[in-house]
Amino acid sequence: MDQRSTYLGELRANWQVLLATSLGSAVGLQLFSYVTSIFGPYLIGEFHWSRSQFALIGLAMFAALLALPLAGRLTDRFGVRRMALVGVVLTPLPLLSYSLMQGHFAVYFATSCTQLAIGSLTGPVVYTRLIAANFDRARGLALTIVMCAPAFLGAVAARVITAVNEGYGWRMGYRGLALFVLIAGLVAVALIPAGASDVKQSGAKPQGDLGRTLREIARTPVFWVIFTAMLLCTLPTPLHGSQLGILMREQNLSATAAADMVSVYAIGTVIGRIVCGLALDRYPARWVTAISMILPAFGLLLIASPMDSALAVGFGLLLLGVTIGAEGDLLSFLVARYFRLDIFSTTLSLAYCAVFIGSASGALILSGLLKSYGSFAPFLVLSSATVLLGSLLFLLLPSSPRARMDRVS
């Protein structure tokens with residue numbers, strides 16, 4: 001019996017693909033959601049930026065709206081290896097730019113835009129195409145393993161970067177991170193087997209021109225359900241992105257305790273990805289998605305409550321992490337389920353635009369509420385409501401795919 005025909009056998013047969021994708025994702029775009037917030041308090045302390053001003057950094061997410069569709073289209077046409085290599089080589093440049101800053105917020109904002117644009121070539125839009133092309137039976141579990149990698153590394157990196165920042169300064173922290181992601185990223189690209197993601201193995205080159213592909217996607221109701229629901233669910237993204245360290249300080253936690261909370265959040269993402277990935281291979285996708293995405297609504301309310309103990313805050317962050325852990329698995333899985341493989345990265349890139357629109361909108365709302373109220377609490381309550389609504393929208397997804405994407409002409 002071909003070992004690819006069994007659940008675990010498919011994992012064994014594609015171990016190198018899984019290793020390359022996991023390592024590439026671990027040091028790619030998703031890693032920065034765990035580590036960049038560590039630098040926030042240091043930058044605010046040195047450059048005396050206000051919290052409401054720093055919250056605007058989430059608007060840099062709009063840069064990804066231009067970069068993601070381009071990254072997705074190029075990946076569908078030229079394969080993962082080529083596009084990931086470009087991203088890996090360019091990724092250290094914004095990190096080095098951060099380390100040279102002299103206090104101009106506009107420079108920090110522009111650098112963040114550049115980092116997100118470049119990072120689109122090292123994120124799920126690129127790397128998970130390897131999983132969509134090589135896995136079927138164990139696709140959910142494979143995505144779980146890949147999406148757990150940034151969380152595992154983030155849990156460790158949070159403490160390491162904090163130690164470097166405390167001992168040698170935040171500038172050295174950025175430079176050390178730049179060197180690490182370059183070396184590890186090059187190793188990941190070298191591990192990608194020849195032909196593992198190119199159009200020959202995965203089916204065919206994208207059919208028709210870009211306009212035709214975009215019209216096909218736009219006419220699919222499933223896409224808009226996914227897009228709208230994900231936009232609402234990702235409104236609180238700035239809280240566990242650039243603002244997490246500052247939010248933890250508002251909870252009266254020390255720098256070390258705040259770093260521990262980042263690790264708790266990262267552990268939550270691991271739990272979310274494991275449970276969600278295994279569930280996707282066994283249960284209806286719409287129910288798994290709705291249940292996974294609703295949990296932060298309760299975590300956000302807990303953090304907004306007067307209970308500022310490490311236990312209460314940690315549990316709230318754990319619930320946030322569970323969904324953020326599931327988010328990456330869910331988007332890739334849903335796109336692979338409802339759309340053709342030859343337009344996988346293009347569709348996924350457009351779906352991820354909802355994440356970035358939600359994140360940027362959340363940053364704008366957060367900045368306004370911080371300026372008006374001087375506290376994160378109003379935003380925590382508001383985003384809890386949007387997460388609840390967005391998660392319920394996923395129940396509108398059909399119970400079975402419109403068609404298997406690798407069988408659609």
# chains A, B, ... in the order shown; residues from 1 in each chain; ligands from 1

call {"tool": "residues_around", "arguments": {"residues": "Ser345 in chain A", "least_positions_apart": "2", "cutoff": "7 Å", "atoms": "only C-alpha atoms", "output": "list in words"}}
result
Gly72, Arg73, Thr75, Asp76, Val125, Val126, Arg129, Ile343, Thr347, Leu348 and Ser349 of chain A

call {"tool": "select_by_dssp", "arguments": {"residues": "range 5-215 of chain A", "states": "alpha helix (DSSP H)", "output": "VMD selection string"}}
result
chain A and resid 7 to 13 15 to 26 32 to 47 51 to 55 62 to 78 80 to 90 92 to 99 105 to 119 124 to 134 139 to 168 170 to 191 199 to 202 210 to 215

call {"tool": "residues_around", "arguments": {"residues": "range 137-139 of chain A", "least_positions_apart": "6", "cutoff": "10 Å", "atoms": "only C-alpha atoms", "output": "list in words"}}
result
Arg4, Ser5, Thr6, Tyr7, Leu8, Gly9, Glu10, Leu11, Ile131, Ile145, Gly277, Leu278, Leu280, Asp281, Arg282, Asp329, Ser332, Phe333 and Ala336 of chain A

call {"tool": "closest_residue", "arguments": {"among": "A:Ala188, A:Gly79, A:Val160, A:Thr144", "to": "Val27 in chain A", "atoms": "only C-alpha atoms"}}
result
A:Ala188

call {"tool": "residues_around", "arguments": {"residues": "Leu210 in chain A", "least_positions_apart": "3", "cutoff": "12 Å", "atoms": "only C-alpha atoms", "output": "MDAnalysis selection string"}}
result
chainID A and resid 69:70 72:74 76:77 205:207 213:217 343 346:347

call {"tool": "write_last_selection", "arguments": {"atoms": "all heavy atoms", "output": "CSV table (one decimal), in the first residue's frame"}}
result
chain,number,residue,atom,x,y,z
A,69,PRO,N,-1.7,40.5,-2.6
A,69,PRO,CA,-2.2,39.9,-3.9
A,69,PRO,C,-1.1,39.7,-4.9
A,69,PRO,O,-1.1,38.7,-5.7
A,69,PRO,CB,-3.2,41.0,-4.4
A,69,PRO,CG,-3.7,41.7,-3.1
A,69,PRO,CD,-2.4,41.7,-2.3
A,70,LEU,N,-0.1,40.6,-4.9
A,70,LEU,CA,1.0,40.4,-5.8
A,70,LEU,C,1.8,39.2,-5.5
A,70,LEU,O,2.2,38.4,-6.3
A,70,LEU,CB,1.9,41.6,-5.8
A,70,LEU,CG,3.1,41.6,-6.7
A,70,LEU,CD1,2.7,41.4,-8.2
A,70,LEU,CD2,4.0,42.9,-6.5
A,72,GLY,N,0.8,36.5,-3.8
A,72,GLY,CA,0.0,35.4,-4.1
A,72,GLY,C,0.0,35.0,-5.6
A,72,GLY,O,0.2,33.8,-6.0
A,73,ARG,N,-0.2,36.0,-6.4
A,73,ARG,CA,-0.2,35.7,-7.9
A,73,ARG,C,1.2,35.2,-8.4
A,73,ARG,O,1.2,34.3,-9.2
A,73,ARG,CB,-0.6,37.0,-8.6
A,73,ARG,CG,-0.7,36.9,-10.1
A,73,ARG,CD,-1.8,36.0,-10.5
A,73,ARG,NE,-2.0,35.9,-12.0
A,73,ARG,CZ,-2.9,35.2,-12.6
A,73,ARG,NH1,-3.7,34.4,-11.8
A,73,ARG,NH2,-3.0,35.2,-13.9
A,74,LEU,N,2.2,35.9,-7.9
A,74,LEU,CA,3.6,35.4,-8.3
A,74,LEU,C,3.9,34.0,-7.8
A,74,LEU,O,4.5,33.2,-8.5
A,74,LEU,CB,4.6,36.4,-7.8
A,74,LEU,CG,4.6,37.8,-8.4
A,74,LEU,CD1,5.6,38.7,-7.7
A,74,LEU,CD2,4.9,37.7,-9.9
A,76,ASP,N,1.7,31.6,-7.3
A,76,ASP,CA,0.9,30.7,-8.2
A,76,ASP,C,1.6,30.4,-9.5
A,76,ASP,O,1.6,29.3,-10.1
A,76,ASP,CB,-0.5,31.2,-8.5
A,76,ASP,CG,-1.5,30.9,-7.3
A,76,ASP,OD1,-1.2,30.0,-6.6
A,76,ASP,OD2,-2.4,31.7,-7.2
A,77,ARG,N,2.3,31.4,-10.0
A,77,ARG,CA,2.9,31.3,-11.3
A,77,ARG,C,4.4,30.8,-11.3
A,77,ARG,O,4.8,30.0,-12.2
A,77,ARG,CB,3.0,32.7,-12.0
A,77,ARG,CG,1.6,33.2,-12.4
A,77,ARG,CD,1.6,34.4,-13.3
A,77,ARG,NE,2.1,34.0,-14.6
A,77,ARG,CZ,1.4,33.6,-15.6
A,77,ARG,NH1,0.1,33.4,-15.4
A,77,ARG,NH2,1.9,33.3,-16.8
A,205,LYS,N,-0.8,26.0,-14.4
A,205,LYS,CA,-0.6,27.4,-14.2
A,205,LYS,C,-2.0,28.1,-14.1
A,205,LYS,O,-3.0,27.6,-14.6
A,205,LYS,CB,0.1,28.0,-15.4
A,205,LYS,CG,1.6,27.6,-15.4
A,205,LYS,CD,2.3,28.4,-16.5
A,205,LYS,CE,3.8,28.0,-16.5
A,205,LYS,NZ,4.6,28.7,-17.5
A,206,PRO,N,-2.0,29.2,-13.4
A,206,PRO,CA,-3.3,29.9,-13.2
A,206,PRO,C,-4.0,30.1,-14.6
A,206,PRO,O,-3.4,30.5,-15.5
A,206,PRO,CB,-2.9,31.2,-12.6
A,206,PRO,CG,-1.6,31.0,-11.9
A,206,PRO,CD,-0.9,29.9,-12.8
A,207,GLN,N,-5.3,29.8,-14.6
A,207,GLN,CA,-6.0,29.9,-15.9
A,207,GLN,C,-6.4,31.4,-16.1
A,207,GLN,O,-6.9,32.0,-15.3
A,207,GLN,CB,-7.3,29.1,-15.8
A,207,GLN,CG,-7.1,27.6,-15.5
A,207,GLN,CD,-6.5,26.9,-16.7
A,207,GLN,OE1,-6.8,27.2,-17.8
A,207,GLN,NE2,-5.6,25.9,-16.4
A,213,THR,N,-9.2,35.9,-13.1
A,213,THR,CA,-9.1,35.2,-11.8
A,213,THR,C,-9.8,36.0,-10.7
A,213,THR,O,-10.5,35.4,-9.9
A,213,THR,CB,-7.7,35.0,-11.5
A,213,THR,OG1,-7.1,34.2,-12.5
A,213,THR,CG2,-7.5,34.2,-10.1
A,214,LEU,N,-9.6,37.3,-10.7
A,214,LEU,CA,-10.2,38.1,-9.6
A,214,LEU,C,-11.7,38.1,-9.7
A,214,LEU,O,-12.4,38.1,-8.7
A,214,LEU,CB,-9.7,39.5,-9.7
A,214,LEU,CG,-8.2,39.7,-9.4
A,214,LEU,CD1,-7.7,41.1,-9.5
A,214,LEU,CD2,-7.8,39.2,-8.0
A,215,ARG,N,-12.2,38.2,-11.0
A,215,ARG,CA,-13.7,38.1,-11.1
A,215,ARG,C,-14.3,36.8,-10.7
A,215,ARG,O,-15.3,36.8,-10.1
A,215,ARG,CB,-14.0,38.4,-12.6
A,215,ARG,CG,-13.8,39.8,-13.0
A,215,ARG,CD,-14.4,40.1,-14.4
A,215,ARG,NE,-13.8,39.3,-15.5
A,215,ARG,CZ,-12.7,39.7,-16.1
A,215,ARG,NH1,-12.2,40.9,-15.9
A,215,ARG,NH2,-12.2,39.0,-17.1
A,216,GLU,N,-13.6,35.7,-11.0
A,216,GLU,CA,-14.0,34.4,-10.5
A,216,GLU,C,-14.1,34.3,-9.0
A,216,GLU,O,-15.1,33.8,-8.4
A,216,GLU,CB,-13.1,33.3,-11.0
A,216,GLU,CG,-13.4,31.9,-10.5
A,216,GLU,CD,-12.4,30.9,-10.9
A,216,GLU,OE1,-11.6,31.2,-11.8
A,216,GLU,OE2,-12.4,29.8,-10.3
A,217,ILE,N,-13.1,34.8,-8.3
A,217,ILE,CA,-13.1,34.8,-6.9
A,217,ILE,C,-14.2,35.7,-6.3
A,217,ILE,O,-14.9,35.4,-5.4
A,217,ILE,CB,-11.7,35.3,-6.3
A,217,ILE,CG1,-10.6,34.3,-6.8
A,217,ILE,CG2,-11.8,35.4,-4.8
A,217,ILE,CD1,-9.2,34.7,-6.5
A,343,ILE,N,-5.3,28.5,-8.3
A,343,ILE,CA,-5.4,29.9,-7.8
A,343,ILE,C,-5.4,30.0,-6.3
A,343,ILE,O,-5.8,31.0,-5.7
A,343,ILE,CB,-6.7,30.5,-8.4
A,343,ILE,CG1,-8.0,29.7,-7.9
A,343,ILE,CG2,-6.7,30.6,-9.9
A,343,ILE,CD1,-9.3,30.4,-8.2
A,346,THR,N,-3.3,33.1,-4.9
A,346,THR,CA,-4.0,34.3,-5.2
A,346,THR,C,-5.2,34.5,-4.3
A,346,THR,O,-5.5,35.6,-3.7
A,346,THR,CB,-4.5,34.3,-6.7
A,346,THR,OG1,-3.3,34.1,-7.5
A,346,THR,CG2,-5.1,35.6,-7.0
A,347,THR,N,-6.1,33.5,-4.2
A,347,THR,CA,-7.3,33.5,-3.3
A,347,THR,C,-6.9,33.7,-1.9
A,347,THR,O,-7.5,34.6,-1.2
A,347,THR,CB,-8.1,32.2,-3.5
A,347,THR,OG1,-8.3,32.0,-4.8
A,347,THR,CG2,-9.4,32.4,-2.7

call {"tool": "closest_residue", "arguments": {"among": "A:Met83, A:Ile57, A:Leu334, A:Ile365", "to": "Phe109 in chain A", "atoms": "only C-alpha atoms"}}
result
A:Ile57

call {"tool": "residues_around", "arguments": {"residues": "range 171-180 of chain A", "least_positions_apart": "5", "cutoff": "6 Å", "atoms": "only C-alpha atoms", "output": "PyMOL selection string"}}
result
chain A and resi 92+95-96+99+161+164-165

call {"tool": "closest_residue", "arguments": {"among": "A:Ser292, A:Thr323, A:Thr386, A:Asn14", "to": "Ala132 in chain A", "atoms": "only C-alpha atoms"}}
result
A:Asn14

call {"tool": "closest_residue", "arguments": {"among": "A:Cys233, A:Val189, A:Leu116, A:Leu143", "to": "Ala63 in chain A", "atoms": "only C-alpha atoms"}}
result
A:Leu116

call {"tool": "residues_around", "arguments": {"residues": "Phe32 in chain A", "least_positions_apart": "6", "cutoff": "12 Å", "atoms": "only C-alpha atoms", "output": "ChimeraX atom specification"}}
result
/A:25-26,38-39,91-92,94-95,112,115-116,119-120,122-123,150-151,153-155,157-158,161,174,177-178,181,240-242,266

call {"tool": "closest_residue", "arguments": {"among": "A:Val355, A:Leu395, A:Val322, A:Leu366", "to": "Ala297 in chain A", "atoms": "only C-alpha atoms"}}
result
A:Val322

call {"tool": "atom_distance", "arguments": {"atom1": "CA of Gly268 in chain A", "atom2": "CA of Arg51 in chain A"}}
result
26.1 Å

call {"tool": "residues_around", "arguments": {"residues": "Gln53 in chain A", "least_positions_apart": "6", "cutoff": "12 Å", "atoms": "only C-alpha atoms", "output": "PyMOL selection string"}}
result
chain A and resi 40+43-44+47+59+104-106+108-109+242-243+363-371+374
